[in-house]
Amino acid sequence: LERYGHEVITFVEDNAQVNKVNPFKAAVDTVWSREAQRKIRKLIEETKPDIVHFHNTFLRISPAAYYACKEARVPVVQSLHNQRMFCPKATMWRNGRVCEDCVGRAFPWPAIFHACYRNSRLQTTVVASMVALHRWLKTWIRTVDIYIIFTNFFKNKFIEWGLPADKLVVKPHFVYPDPGMRSESTGQYALFIGRLDLEKGVETLLKAWQYLPNVPLKIRGNGRLFNDVATASRQMPAIKLIPGFLSKAELMHLIKGAKFLVWPSEGWYENFGLVAIEAFACGVPVIASRIGAMAEIVEDGRTGLLFEPGDPEDLAEKVAWAWAHPEEMAEMGQEARREYEAKYTAERNYEMLMAIYERAMASHSV
């Protein structure tokens with residue numbers, strides 16, 4: 001936005017600060033932060049913005065911030081990065097499976113029963129109370145003009161869960177700066193980049209590689225299964241775990257060296273998958289699970305391959321085919337780059353964002 005000449009005023013709260021606040025006050029502020037509401041009201045009075053675009057109000061800002069904008073008659077856009085308004089845990093994932101137990105309930109008590117938020121019934125009660133109060137007040141419907149969703153899959157899910165269709169607009173993420181198409185048409189290894197957790201398909205990935213002793217795999221990430229991956233890398237010579245921090249340039253270099261990226265997530269509610277778009281930008285095809293946003297972003301046989309989620313044998317079969325067909329994968333890499341240029345550049349995203357802002361301002365003035 002600033003690159004295109006817009007003035008951008010930021011308001012940021014650090015959730016790490018919640019540990020320095022009285023627990024009772026922190027709980028109340030999670031549900032309704034009068035302090036954040038006051039700060040945003042004052043900021044609006046001082047700067048007189050054309051629009052307010054929220055990314056995350058949890059924990060320290062709270063949905064009370066929307067009401068400050070409503071009082072000032074300023075249009076509100078909210079990017080939905082997770083499913084918090086329907087699931088206190090925000091992931092729709094529990095005990096290794098998709099969970100919609102709280103969807104449609106006036107009060108999401110199953111989350112409290114299962115201690116979904118940080119394995120704490122007390123903390124989950126606070127988050128569930130926030131969700132329930134603002135559902136009862138119809139905050140999500142009355143105070144937000146436009147929601148930005150990142151895929152059509154999620155747009156349909158949010159409509160199913162109760163958000164009005166006329167407030168939802170699909171705008172994907174983008175990659176900037178453009179890393180450029182890689183110079184070599186084929187890479188030297190398979191690559192996984194992501195959080196090393198169950199819902200990310202890490203166990204399926206490791207099981208698949210038991211059938212692929214001759215296909216080198218590099219894994220970059222951290223998470224609860226880090227030790228499992230480290231053990232697998234010691235037991236299977238084909239697997240190499242890359243620990244530590246990588247700069248953006250180093251990450252792009254790693255992606256460009258891959259023959260293909262593996263995206264094996266098993267949670268239906270994977271929100272987007274920026275790493276897949278980064279791979280597209282570099283001209284690297286993607287092998288992904290045939291579910292949700294993944295099946296929407298990766299076109300089977302054109303920008304990559306799809307396999308049945310949670311099926312290591314099917315994943316191994318797709319990887320083996322991809323490894324044995326470098327020319328076909330190189331062509332998919334070319335198509336992936338074309339997909340990036342058509343949908344995921346900063347320039348295209350700016351056009352889409354401006355259209356959303358104009359629509360929000362027009363609907364707010366009615």
# chains A, B, ... in the order shown; residues from 1 in each chain; ligands from 1
$ residues_around --residues "segment 320-322 of chain A" --least-positions-apart "4" --cutoff "10 Å" --atoms "only C-alpha atoms" --output "list in words"
Ala190, Tyr211, Leu212, Asn214, Val215, Lys259, Phe260, Pro285, Ile287, Gly304, Leu305, Asp314, Leu315, Ala316, Pro326, Glu327, Glu328, Met329 and Ala330 of chain A
$ write_last_selection --atoms "all heavy atoms" --output "short mmCIF file (atom, residue, chain, number, x, y, z; two decimals), in the first residue's frame"
data_model
loop_
_atom_site.label_atom_id
_atom_site.label_comp_id
_atom_site.auth_asym_id
_atom_site.auth_seq_id
_atom_site.Cartn_x
_atom_site.Cartn_y
_atom_site.Cartn_z
N ALA A 190 13.41 -33.45 -3.11
CA ALA A 190 12.07 -33.10 -2.68
C ALA A 190 12.20 -32.21 -1.45
O ALA A 190 13.20 -32.28 -0.73
CB ALA A 190 11.26 -34.34 -2.36
N TYR A 211 9.26 -45.87 1.64
CA TYR A 211 9.19 -46.50 0.32
C TYR A 211 10.11 -45.80 -0.69
O TYR A 211 10.17 -46.21 -1.84
CB TYR A 211 7.75 -46.44 -0.22
CG TYR A 211 6.71 -47.08 0.67
CD1 TYR A 211 5.92 -46.30 1.52
CD2 TYR A 211 6.50 -48.45 0.66
CE1 TYR A 211 4.95 -46.88 2.33
CE2 TYR A 211 5.53 -49.04 1.46
CZ TYR A 211 4.76 -48.24 2.29
OH TYR A 211 3.80 -48.83 3.10
N LEU A 212 10.79 -44.74 -0.26
CA LEU A 212 11.53 -43.88 -1.21
C LEU A 212 12.99 -43.70 -0.78
O LEU A 212 13.46 -42.58 -0.60
CB LEU A 212 10.84 -42.52 -1.31
CG LEU A 212 9.38 -42.53 -1.77
CD1 LEU A 212 8.70 -41.21 -1.42
CD2 LEU A 212 9.31 -42.77 -3.27
N ASN A 214 15.69 -43.79 -2.33
CA ASN A 214 16.59 -43.17 -3.30
C ASN A 214 16.17 -41.75 -3.69
O ASN A 214 16.75 -41.16 -4.62
CB ASN A 214 16.69 -44.04 -4.56
CG ASN A 214 17.27 -45.41 -4.25
OD1 ASN A 214 18.23 -45.53 -3.49
ND2 ASN A 214 16.67 -46.44 -4.82
N VAL A 215 15.15 -41.21 -3.02
CA VAL A 215 14.70 -39.85 -3.31
C VAL A 215 15.11 -38.94 -2.16
O VAL A 215 14.57 -39.05 -1.05
CB VAL A 215 13.18 -39.79 -3.52
CG1 VAL A 215 12.73 -38.35 -3.79
CG2 VAL A 215 12.75 -40.70 -4.66
N LYS A 259 13.20 -30.23 -6.71
CA LYS A 259 12.49 -30.73 -7.89
C LYS A 259 10.99 -30.45 -7.73
O LYS A 259 10.30 -30.13 -8.68
CB LYS A 259 12.74 -32.23 -8.08
CG LYS A 259 12.23 -32.78 -9.42
CD LYS A 259 12.46 -34.27 -9.55
CE LYS A 259 13.94 -34.59 -9.69
NZ LYS A 259 14.45 -34.24 -11.04
N PHE A 260 10.51 -30.58 -6.49
CA PHE A 260 9.12 -30.27 -6.18
C PHE A 260 8.98 -30.08 -4.67
O PHE A 260 9.82 -30.53 -3.88
CB PHE A 260 8.17 -31.37 -6.66
CG PHE A 260 8.60 -32.76 -6.28
CD1 PHE A 260 8.34 -33.29 -5.02
CD2 PHE A 260 9.28 -33.56 -7.19
CE1 PHE A 260 8.76 -34.56 -4.67
CE2 PHE A 260 9.70 -34.84 -6.85
CZ PHE A 260 9.44 -35.34 -5.59
N PRO A 285 6.91 -27.07 -8.96
CA PRO A 285 5.58 -27.67 -8.79
C PRO A 285 5.39 -28.20 -7.37
O PRO A 285 6.36 -28.35 -6.62
CB PRO A 285 5.58 -28.79 -9.82
CG PRO A 285 7.03 -29.16 -9.98
CD PRO A 285 7.80 -27.88 -9.79
N ILE A 287 3.40 -31.14 -4.79
CA ILE A 287 2.63 -32.36 -4.56
C ILE A 287 1.86 -32.16 -3.26
O ILE A 287 2.46 -32.00 -2.20
CB ILE A 287 3.54 -33.60 -4.49
CG1 ILE A 287 4.31 -33.78 -5.80
CG2 ILE A 287 2.73 -34.84 -4.16
CD1 ILE A 287 5.25 -34.96 -5.81
N GLY A 304 1.11 -29.31 -10.42
CA GLY A 304 1.62 -30.28 -9.46
C GLY A 304 0.79 -31.55 -9.50
O GLY A 304 0.07 -31.82 -10.47
N LEU A 305 0.86 -32.30 -8.42
CA LEU A 305 0.12 -33.56 -8.30
C LEU A 305 -0.63 -33.57 -6.98
O LEU A 305 -0.19 -32.97 -6.00
CB LEU A 305 1.08 -34.75 -8.36
CG LEU A 305 1.92 -34.90 -9.63
CD1 LEU A 305 2.95 -36.02 -9.43
CD2 LEU A 305 1.05 -35.18 -10.85
N ASP A 314 0.08 -43.68 -1.30
CA ASP A 314 -0.30 -42.86 -2.46
C ASP A 314 0.69 -41.71 -2.63
O ASP A 314 1.08 -41.37 -3.74
CB ASP A 314 -1.72 -42.33 -2.28
CG ASP A 314 -2.26 -41.68 -3.56
OD1 ASP A 314 -1.90 -42.16 -4.67
OD2 ASP A 314 -3.01 -40.70 -3.46
N LEU A 315 1.09 -41.10 -1.50
CA LEU A 315 2.09 -40.04 -1.58
C LEU A 315 3.39 -40.58 -2.17
O LEU A 315 3.99 -39.95 -3.06
CB LEU A 315 2.35 -39.44 -0.20
CG LEU A 315 3.50 -38.43 -0.09
CD1 LEU A 315 3.33 -37.28 -1.08
CD2 LEU A 315 3.62 -37.89 1.34
N ALA A 316 3.83 -41.75 -1.71
CA ALA A 316 5.07 -42.34 -2.22
C ALA A 316 4.96 -42.62 -3.72
O ALA A 316 5.92 -42.41 -4.47
CB ALA A 316 5.38 -43.62 -1.46
N PRO A 326 11.23 -36.12 -14.95
CA PRO A 326 11.73 -34.75 -14.78
C PRO A 326 11.19 -33.77 -15.82
O PRO A 326 10.96 -32.60 -15.50
CB PRO A 326 13.25 -34.89 -14.87
CG PRO A 326 13.46 -36.18 -15.60
CD PRO A 326 12.34 -37.06 -15.20
N GLU A 327 11.00 -34.21 -17.05
CA GLU A 327 10.51 -33.30 -18.09
C GLU A 327 9.08 -32.86 -17.80
O GLU A 327 8.74 -31.67 -17.94
CB GLU A 327 10.60 -33.96 -19.46
CG GLU A 327 12.03 -34.20 -19.93
CD GLU A 327 12.08 -34.77 -21.34
OE1 GLU A 327 11.01 -34.92 -21.97
OE2 GLU A 327 13.20 -35.08 -21.80
N GLU A 328 8.25 -33.82 -17.39
CA GLU A 328 6.86 -33.47 -17.07
C GLU A 328 6.80 -32.53 -15.86
O GLU A 328 6.02 -31.58 -15.83
CB GLU A 328 6.04 -34.74 -16.79
CG GLU A 328 5.75 -35.56 -18.02
CD GLU A 328 6.86 -36.56 -18.36
OE1 GLU A 328 7.99 -36.38 -17.84
OE2 GLU A 328 6.59 -37.49 -19.13
N MET A 329 7.64 -32.79 -14.86
CA MET A 329 7.65 -31.93 -13.68
C MET A 329 8.18 -30.54 -14.01
O MET A 329 7.73 -29.53 -13.46
CB MET A 329 8.47 -32.57 -12.57
CG MET A 329 7.87 -33.87 -12.03
SD MET A 329 6.15 -33.71 -11.48
CE MET A 329 6.34 -32.71 -10.00
N ALA A 330 9.16 -30.47 -14.93
CA ALA A 330 9.67 -29.17 -15.36
C ALA A 330 8.58 -28.35 -16.03
O ALA A 330 8.46 -27.14 -15.82
CB ALA A 330 10.86 -29.35 -16.29
#
$ select_by_dssp --residues "segment 188-343 of chain A" --states "strand (DSSP E)" --output "PDB file with C-alpha atoms, in the first residue's frame"
ATOM      1  CA  TYR A 189      15.607 -33.022  -4.020  1.00  0.00           C
ATOM      2  CA  ALA A 190      12.066 -33.098  -2.678  1.00  0.00           C
ATOM      3  CA  LEU A 191      11.301 -30.406  -0.112  1.00  0.00           C
ATOM      4  CA  PHE A 192       8.991 -29.944   2.866  1.00  0.00           C
ATOM      5  CA  ILE A 193       8.747 -26.556   4.575  1.00  0.00           C
ATOM      6  CA  LEU A 217      14.151 -35.148   0.962  1.00  0.00           C
ATOM      7  CA  LYS A 218      14.995 -31.931   2.762  1.00  0.00           C
ATOM      8  CA  ILE A 219      12.783 -30.914   5.687  1.00  0.00           C
ATOM      9  CA  ARG A 220      12.769 -27.360   7.051  1.00  0.00           C
ATOM     10  CA  ILE A 239      16.103 -37.446   4.722  1.00  0.00           C
ATOM     11  CA  LYS A 240      17.978 -34.310   5.746  1.00  0.00           C
ATOM     12  CA  LEU A 241      16.615 -32.018   8.483  1.00  0.00           C
ATOM     13  CA  ILE A 242      17.584 -28.369   8.127  1.00  0.00           C
ATOM     14  CA  ALA A 258      13.933 -28.528  -5.179  1.00  0.00           C
ATOM     15  CA  LYS A 259      12.487 -30.727  -7.885  1.00  0.00           C
ATOM     16  CA  PHE A 260       9.115 -30.273  -6.175  1.00  0.00           C
ATOM     17  CA  LEU A 261       7.594 -29.162  -2.874  1.00  0.00           C
ATOM     18  CA  VAL A 262       5.563 -31.631  -0.794  1.00  0.00           C
ATOM     19  CA  TRP A 263       2.494 -30.165   0.972  1.00  0.00           C
ATOM     20  CA  VAL A 286       3.805 -28.903  -5.656  1.00  0.00           C
ATOM     21  CA  ILE A 287       2.629 -32.363  -4.565  1.00  0.00           C
ATOM     22  CA  ALA A 288      -0.300 -31.737  -2.201  1.00  0.00           C
ATOM     23  CA  SER A 289      -3.134 -33.428  -0.326  1.00  0.00           C
ATOM     24  CA  GLY A 304       1.616 -30.280  -9.465  1.00  0.00           C
ATOM     25  CA  LEU A 305       0.122 -33.558  -8.302  1.00  0.00           C
ATOM     26  CA  LEU A 306      -2.537 -34.435  -5.718  1.00  0.00           C
ATOM     27  CA  PHE A 307      -2.612 -37.474  -3.442  1.00  0.00           C
TER      28      PHE A 307
END
$ residues_around --residues "Ala346 of chain A" --least-positions-apart "2" --cutoff "10 Å" --atoms "only C-alpha atoms" --output "list of chain:residue names"
A:Leu1, A:His173, A:Phe174, A:Val175, A:Tyr176, A:Pro177, A:Asp178, A:Glu341, A:Lys343, A:Tyr344, A:Arg348, A:Asn349, A:Tyr350, A:Glu351, A:Met352
$ residues_around --residues "segment 27-42 of chain A" --least-positions-apart "4" --cutoff "9 Å" --atoms "only C-alpha atoms" --output "JSON, numbers by chain"
{"A": [11, 13, 22, 23, 46, 47, 57, 58, 59, 60, 61, 62, 63, 64, 65, 66, 67, 68, 69, 71, 72, 123, 126, 127, 129, 130, 131, 133, 134]}
$ write_last_selection --atoms "N, CA and C atoms" --output "PDB file, in the first residue's frame"
ATOM      1  N   PHE A  11      -1.754  -0.060  14.016  1.00  0.00           N
ATOM      2  CA  PHE A  11      -2.064  -0.211  15.446  1.00  0.00           C
ATOM      3  C   PHE A  11      -1.763  -1.657  15.807  1.00  0.00           C
ATOM      4  N   GLU A  13      -0.804  -4.548  18.957  1.00  0.00           N
ATOM      5  CA  GLU A  13      -0.654  -4.965  20.346  1.00  0.00           C
ATOM      6  C   GLU A  13       0.114  -6.289  20.370  1.00  0.00           C
ATOM      7  N   ASN A  22      -2.561  -8.356  35.105  1.00  0.00           N
ATOM      8  CA  ASN A  22      -3.366  -9.118  36.052  1.00  0.00           C
ATOM      9  C   ASN A  22      -4.239 -10.131  35.300  1.00  0.00           C
ATOM     10  N   PRO A  23      -4.222 -11.415  35.682  1.00  0.00           N
ATOM     11  CA  PRO A  23      -4.963 -12.445  34.925  1.00  0.00           C
ATOM     12  C   PRO A  23      -6.446 -12.134  34.750  1.00  0.00           C
ATOM     13  N   GLU A  46      -7.777  11.250  15.462  1.00  0.00           N
ATOM     14  CA  GLU A  46      -6.562  11.985  15.094  1.00  0.00           C
ATOM     15  C   GLU A  46      -6.201  11.843  13.621  1.00  0.00           C
ATOM     16  N   THR A  47      -6.431  10.680  13.049  1.00  0.00           N
ATOM     17  CA  THR A  47      -5.935  10.404  11.684  1.00  0.00           C
ATOM     18  C   THR A  47      -7.013  10.405  10.612  1.00  0.00           C
ATOM     19  N   THR A  57      -7.657  -9.535  16.125  1.00  0.00           N
ATOM     20  CA  THR A  57      -8.022  -8.784  17.333  1.00  0.00           C
ATOM     21  C   THR A  57      -7.786  -9.581  18.607  1.00  0.00           C
ATOM     22  N   PHE A  58      -7.355 -10.815  18.482  1.00  0.00           N
ATOM     23  CA  PHE A  58      -7.172 -11.711  19.618  1.00  0.00           C
ATOM     24  C   PHE A  58      -5.708 -11.688  20.055  1.00  0.00           C
ATOM     25  N   LEU A  59      -5.352 -11.511  21.258  1.00  0.00           N
ATOM     26  CA  LEU A  59      -6.098 -11.413  22.494  1.00  0.00           C
ATOM     27  C   LEU A  59      -6.366  -9.959  22.897  1.00  0.00           C
ATOM     28  N   ARG A  60      -5.336  -9.104  22.756  1.00  0.00           N
ATOM     29  CA  ARG A  60      -5.304  -7.851  23.495  1.00  0.00           C
ATOM     30  C   ARG A  60      -6.128  -6.726  22.869  1.00  0.00           C
ATOM     31  N   ILE A  61      -6.600  -6.920  21.657  1.00  0.00           N
ATOM     32  CA  ILE A  61      -7.412  -5.866  21.045  1.00  0.00           C
ATOM     33  C   ILE A  61      -8.892  -6.141  21.267  1.00  0.00           C
ATOM     34  N   SER A  62      -9.324  -7.361  20.972  1.00  0.00           N
ATOM     35  CA  SER A  62     -10.696  -7.836  21.165  1.00  0.00           C
ATOM     36  C   SER A  62     -11.648  -7.240  20.128  1.00  0.00           C
ATOM     37  N   PRO A  63     -12.800  -7.869  19.914  1.00  0.00           N
ATOM     38  CA  PRO A  63     -13.779  -7.344  18.961  1.00  0.00           C
ATOM     39  C   PRO A  63     -14.369  -5.995  19.348  1.00  0.00           C
ATOM     40  N   ALA A  64     -14.088  -5.521  20.556  1.00  0.00           N
ATOM     41  CA  ALA A  64     -14.549  -4.176  20.943  1.00  0.00           C
ATOM     42  C   ALA A  64     -14.016  -3.128  19.980  1.00  0.00           C
ATOM     43  N   ALA A  65     -12.883  -3.413  19.345  1.00  0.00           N
ATOM     44  CA  ALA A  65     -12.285  -2.463  18.409  1.00  0.00           C
ATOM     45  C   ALA A  65     -13.210  -2.157  17.240  1.00  0.00           C
ATOM     46  N   TYR A  66     -14.000  -3.151  16.819  1.00  0.00           N
ATOM     47  CA  TYR A  66     -14.936  -2.907  15.715  1.00  0.00           C
ATOM     48  C   TYR A  66     -15.935  -1.808  16.080  1.00  0.00           C
ATOM     49  N   TYR A  67     -16.331  -1.809  17.366  1.00  0.00           N
ATOM     50  CA  TYR A  67     -17.341  -0.843  17.795  1.00  0.00           C
ATOM     51  C   TYR A  67     -16.796   0.583  17.790  1.00  0.00           C
ATOM     52  N   ALA A  68     -15.501   0.733  18.033  1.00  0.00           N
ATOM     53  CA  ALA A  68     -14.893   2.062  17.928  1.00  0.00           C
ATOM     54  C   ALA A  68     -14.997   2.575  16.500  1.00  0.00           C
ATOM     55  N   CYS A  69     -14.795   1.681  15.540  1.00  0.00           N
ATOM     56  CA  CYS A  69     -14.911   2.064  14.126  1.00  0.00           C
ATOM     57  C   CYS A  69     -16.358   2.368  13.759  1.00  0.00           C
ATOM     58  N   GLU A  71     -18.734   3.462  15.738  1.00  0.00           N
ATOM     59  CA  GLU A  71     -19.097   4.754  16.321  1.00  0.00           C
ATOM     60  C   GLU A  71     -18.581   5.904  15.467  1.00  0.00           C
ATOM     61  N   ALA A  72     -17.395   5.728  14.884  1.00  0.00           N
ATOM     62  CA  ALA A  72     -16.787   6.781  14.064  1.00  0.00           C
ATOM     63  C   ALA A  72     -17.245   6.717  12.608  1.00  0.00           C
ATOM     64  N   GLN A 123      -8.572 -21.145  30.604  1.00  0.00           N
ATOM     65  CA  GLN A 123      -8.274 -20.253  29.492  1.00  0.00           C
ATOM     66  C   GLN A 123      -9.257 -20.460  28.337  1.00  0.00           C
ATOM     67  N   VAL A 126     -12.440 -18.528  28.896  1.00  0.00           N
ATOM     68  CA  VAL A 126     -12.322 -17.104  28.552  1.00  0.00           C
ATOM     69  C   VAL A 126     -12.546 -16.910  27.049  1.00  0.00           C
ATOM     70  N   VAL A 127     -11.863 -17.708  26.247  1.00  0.00           N
ATOM     71  CA  VAL A 127     -11.983 -17.565  24.793  1.00  0.00           C
ATOM     72  C   VAL A 127     -13.399 -17.923  24.340  1.00  0.00           C
ATOM     73  N   SER A 129     -16.098 -17.621  26.039  1.00  0.00           N
ATOM     74  CA  SER A 129     -16.989 -16.522  26.442  1.00  0.00           C
ATOM     75  C   SER A 129     -16.918 -15.374  25.442  1.00  0.00           C
ATOM     76  N   MET A 130     -15.713 -15.076  24.957  1.00  0.00           N
ATOM     77  CA  MET A 130     -15.559 -14.046  23.928  1.00  0.00           C
ATOM     78  C   MET A 130     -16.344 -14.420  22.675  1.00  0.00           C
ATOM     79  N   VAL A 131     -16.192 -15.659  22.239  1.00  0.00           N
ATOM     80  CA  VAL A 131     -16.896 -16.129  21.042  1.00  0.00           C
ATOM     81  C   VAL A 131     -18.411 -16.047  21.248  1.00  0.00           C
ATOM     82  N   LEU A 133     -20.250 -14.268  23.479  1.00  0.00           N
ATOM     83  CA  LEU A 133     -20.782 -12.916  23.634  1.00  0.00           C
ATOM     84  C   LEU A 133     -20.944 -12.223  22.289  1.00  0.00           C
ATOM     85  N   HIS A 134     -19.920 -12.293  21.477  1.00  0.00           N
ATOM     86  CA  HIS A 134     -19.974 -11.552  20.213  1.00  0.00           C
ATOM     87  C   HIS A 134     -20.851 -12.250  19.180  1.00  0.00           C
TER      88      HIS A 134
END
$ closest_residue --among "A:Lys157, A:Arg338, A:His81, A:Lys70" --to "Pro172 of chain A" --atoms "only C-alpha atoms"
A:His81
$ atom_distance --atom1 "atom CA of Thr231 of chain A" --atom2 "atom CA of Asp311 of chain A"
21.2 Å
$ select_by_dssp --residues "segment 207-351 of chain A" --states "alpha helix (DSSP H)" --output "VMD selection string"
chain A and resid 207 to 208 226 to 235 248 to 256 274 to 282 292 to 297 312 to 324 326 to 343 346 to 351
$ residues_around --residues "segment 161-166 of chain A" --least-positions-apart "4" --cutoff "10 Å" --atoms "only C-alpha atoms" --output "list in words"
Met85, Phe86, Glu100, Val103, Gly104, Trp140, Ile141, Asp145, Ile146, Tyr147, Lys155, Asn156 and Lys157 of chain A
$ residues_around --residues "Lys207 of chain A" --least-positions-apart "5" --cutoff "9 Å" --atoms "only C-alpha atoms" --output "mmCIF file with C-alpha atoms, in the first residue's frame"
data_model
loop_
_atom_site.group_PDB
_atom_site.id
_atom_site.type_symbol
_atom_site.label_atom_id
_atom_site.label_comp_id
_atom_site.auth_asym_id
_atom_site.auth_seq_id
_atom_site.Cartn_x
_atom_site.Cartn_y
_atom_site.Cartn_z
ATOM 1 C CA VAL A 202 4.496 -34.945 8.893
ATOM 2 C CA PRO A 312 1.638 -42.594 2.673
ATOM 3 C CA GLU A 313 1.548 -45.204 -0.093
ATOM 4 C CA ALA A 316 5.070 -42.339 -2.219
#
$ closest_residue --among "A:Val170, A:Leu198, A:Leu205, A:Leu43" --to "Val74 of chain A" --atoms "only C-alpha atoms"
A:Leu43
$ closest_residue --among "A:Ala230, A:Met294, A:Ala26, A:Ile44" --to "Ile9 of chain A" --atoms "only C-alpha atoms"
A:Ile44
$ residues_around --residues "Arg118 of chain A" --least-positions-apart "6" --cutoff "12 Å" --atoms "only C-alpha atoms" --output "PyMOL selection string"
chain A and resi 88-90+94+111-112+124-127
$ write_last_selection --atoms "all heavy atoms" --output "mmCIF file, in the first residue's frame"
data_model
loop_
_atom_site.group_PDB
_atom_site.id
_atom_site.type_symbol
_atom_site.label_atom_id
_atom_site.label_comp_id
_atom_site.auth_asym_id
_atom_site.auth_seq_id
_atom_site.Cartn_x
_atom_site.Cartn_y
_atom_site.Cartn_z
ATOM 1 N N PRO A 88 -12.903 -21.944 19.497
ATOM 2 C CA PRO A 88 -11.991 -21.273 20.419
ATOM 3 C C PRO A 88 -10.518 -21.612 20.191
ATOM 4 O O PRO A 88 -9.649 -20.777 20.435
ATOM 5 C CB PRO A 88 -12.468 -21.766 21.794
ATOM 6 C CG PRO A 88 -13.939 -21.964 21.611
ATOM 7 C CD PRO A 88 -14.063 -22.541 20.213
ATOM 8 N N LYS A 89 -10.236 -22.804 19.691
ATOM 9 C CA LYS A 89 -8.858 -23.168 19.378
ATOM 10 C C LYS A 89 -8.393 -22.542 18.072
ATOM 11 O O LYS A 89 -7.198 -22.409 17.811
ATOM 12 C CB LYS A 89 -8.723 -24.690 19.302
ATOM 13 C CG LYS A 89 -7.292 -25.188 19.214
ATOM 14 C CD LYS A 89 -7.242 -26.712 19.187
ATOM 15 C CE LYS A 89 -5.817 -27.215 19.066
ATOM 16 N NZ LYS A 89 -5.752 -28.691 19.001
ATOM 17 N N ALA A 90 -9.364 -22.204 17.209
ATOM 18 C CA ALA A 90 -9.128 -21.507 15.938
ATOM 19 C C ALA A 90 -8.654 -22.403 14.803
ATOM 20 O O ALA A 90 -8.358 -21.914 13.727
ATOM 21 C CB ALA A 90 -8.144 -20.335 16.110
ATOM 22 N N ARG A 94 -8.766 -31.418 16.403
ATOM 23 C CA ARG A 94 -8.605 -31.933 17.770
ATOM 24 C C ARG A 94 -8.327 -33.421 17.723
ATOM 25 O O ARG A 94 -8.998 -34.179 17.016
ATOM 26 C CB ARG A 94 -9.867 -31.658 18.597
ATOM 27 C CG ARG A 94 -9.796 -32.149 20.040
ATOM 28 C CD ARG A 94 -11.008 -31.688 20.836
ATOM 29 N NE ARG A 94 -12.262 -32.132 20.277
ATOM 30 C CZ ARG A 94 -12.766 -33.362 20.463
ATOM 31 N NH1 ARG A 94 -12.111 -34.259 21.176
ATOM 32 N NH2 ARG A 94 -13.930 -33.687 19.922
ATOM 33 N N ALA A 111 -15.500 -27.103 23.582
ATOM 34 C CA ALA A 111 -14.104 -26.657 23.645
ATOM 35 C C ALA A 111 -13.612 -26.615 25.085
ATOM 36 O O ALA A 111 -12.457 -26.964 25.375
ATOM 37 C CB ALA A 111 -13.957 -25.286 22.996
ATOM 38 N N ILE A 112 -14.497 -26.176 26.003
ATOM 39 C CA ILE A 112 -14.124 -26.133 27.418
ATOM 40 C C ILE A 112 -13.940 -27.550 27.948
ATOM 41 O O ILE A 112 -12.968 -27.851 28.652
ATOM 42 C CB ILE A 112 -15.194 -25.380 28.231
ATOM 43 C CG1 ILE A 112 -15.321 -23.939 27.733
ATOM 44 C CG2 ILE A 112 -14.867 -25.416 29.718
ATOM 45 C CD1 ILE A 112 -16.468 -23.177 28.361
ATOM 46 N N THR A 124 -9.649 -21.708 28.106
ATOM 47 C CA THR A 124 -10.628 -21.973 27.048
ATOM 48 C C THR A 124 -11.965 -21.330 27.378
ATOM 49 O O THR A 124 -12.664 -20.837 26.488
ATOM 50 C CB THR A 124 -10.809 -23.488 26.849
ATOM 51 O OG1 THR A 124 -9.548 -24.094 26.570
ATOM 52 C CG2 THR A 124 -11.754 -23.761 25.683
ATOM 53 N N THR A 125 -12.331 -21.297 28.655
ATOM 54 C CA THR A 125 -13.592 -20.651 29.066
ATOM 55 C C THR A 125 -13.583 -19.172 28.713
ATOM 56 O O THR A 125 -14.597 -18.617 28.262
ATOM 57 C CB THR A 125 -13.812 -20.832 30.584
ATOM 58 O OG1 THR A 125 -13.921 -22.224 30.879
ATOM 59 C CG2 THR A 125 -15.080 -20.127 31.036
ATOM 60 N N VAL A 126 -12.440 -18.528 28.896
ATOM 61 C CA VAL A 126 -12.322 -17.104 28.552
ATOM 62 C C VAL A 126 -12.546 -16.910 27.049
ATOM 63 O O VAL A 126 -13.333 -16.055 26.633
ATOM 64 C CB VAL A 126 -10.942 -16.561 28.968
ATOM 65 C CG1 VAL A 126 -10.766 -15.135 28.441
ATOM 66 C CG2 VAL A 126 -10.782 -16.590 30.475
ATOM 67 N N VAL A 127 -11.863 -17.708 26.247
ATOM 68 C CA VAL A 127 -11.983 -17.565 24.793
ATOM 69 C C VAL A 127 -13.399 -17.923 24.340
ATOM 70 O O VAL A 127 -13.986 -17.232 23.496
ATOM 71 C CB VAL A 127 -10.946 -18.440 24.061
ATOM 72 C CG1 VAL A 127 -11.049 -18.232 22.553
ATOM 73 C CG2 VAL A 127 -9.537 -18.109 24.539
#
$ closest_residue --among "A:Asp101, A:Glu347, A:Glu184, A:Glu160" --to "Tyr4 of chain A" --atoms "only C-alpha atoms"
A:Glu347
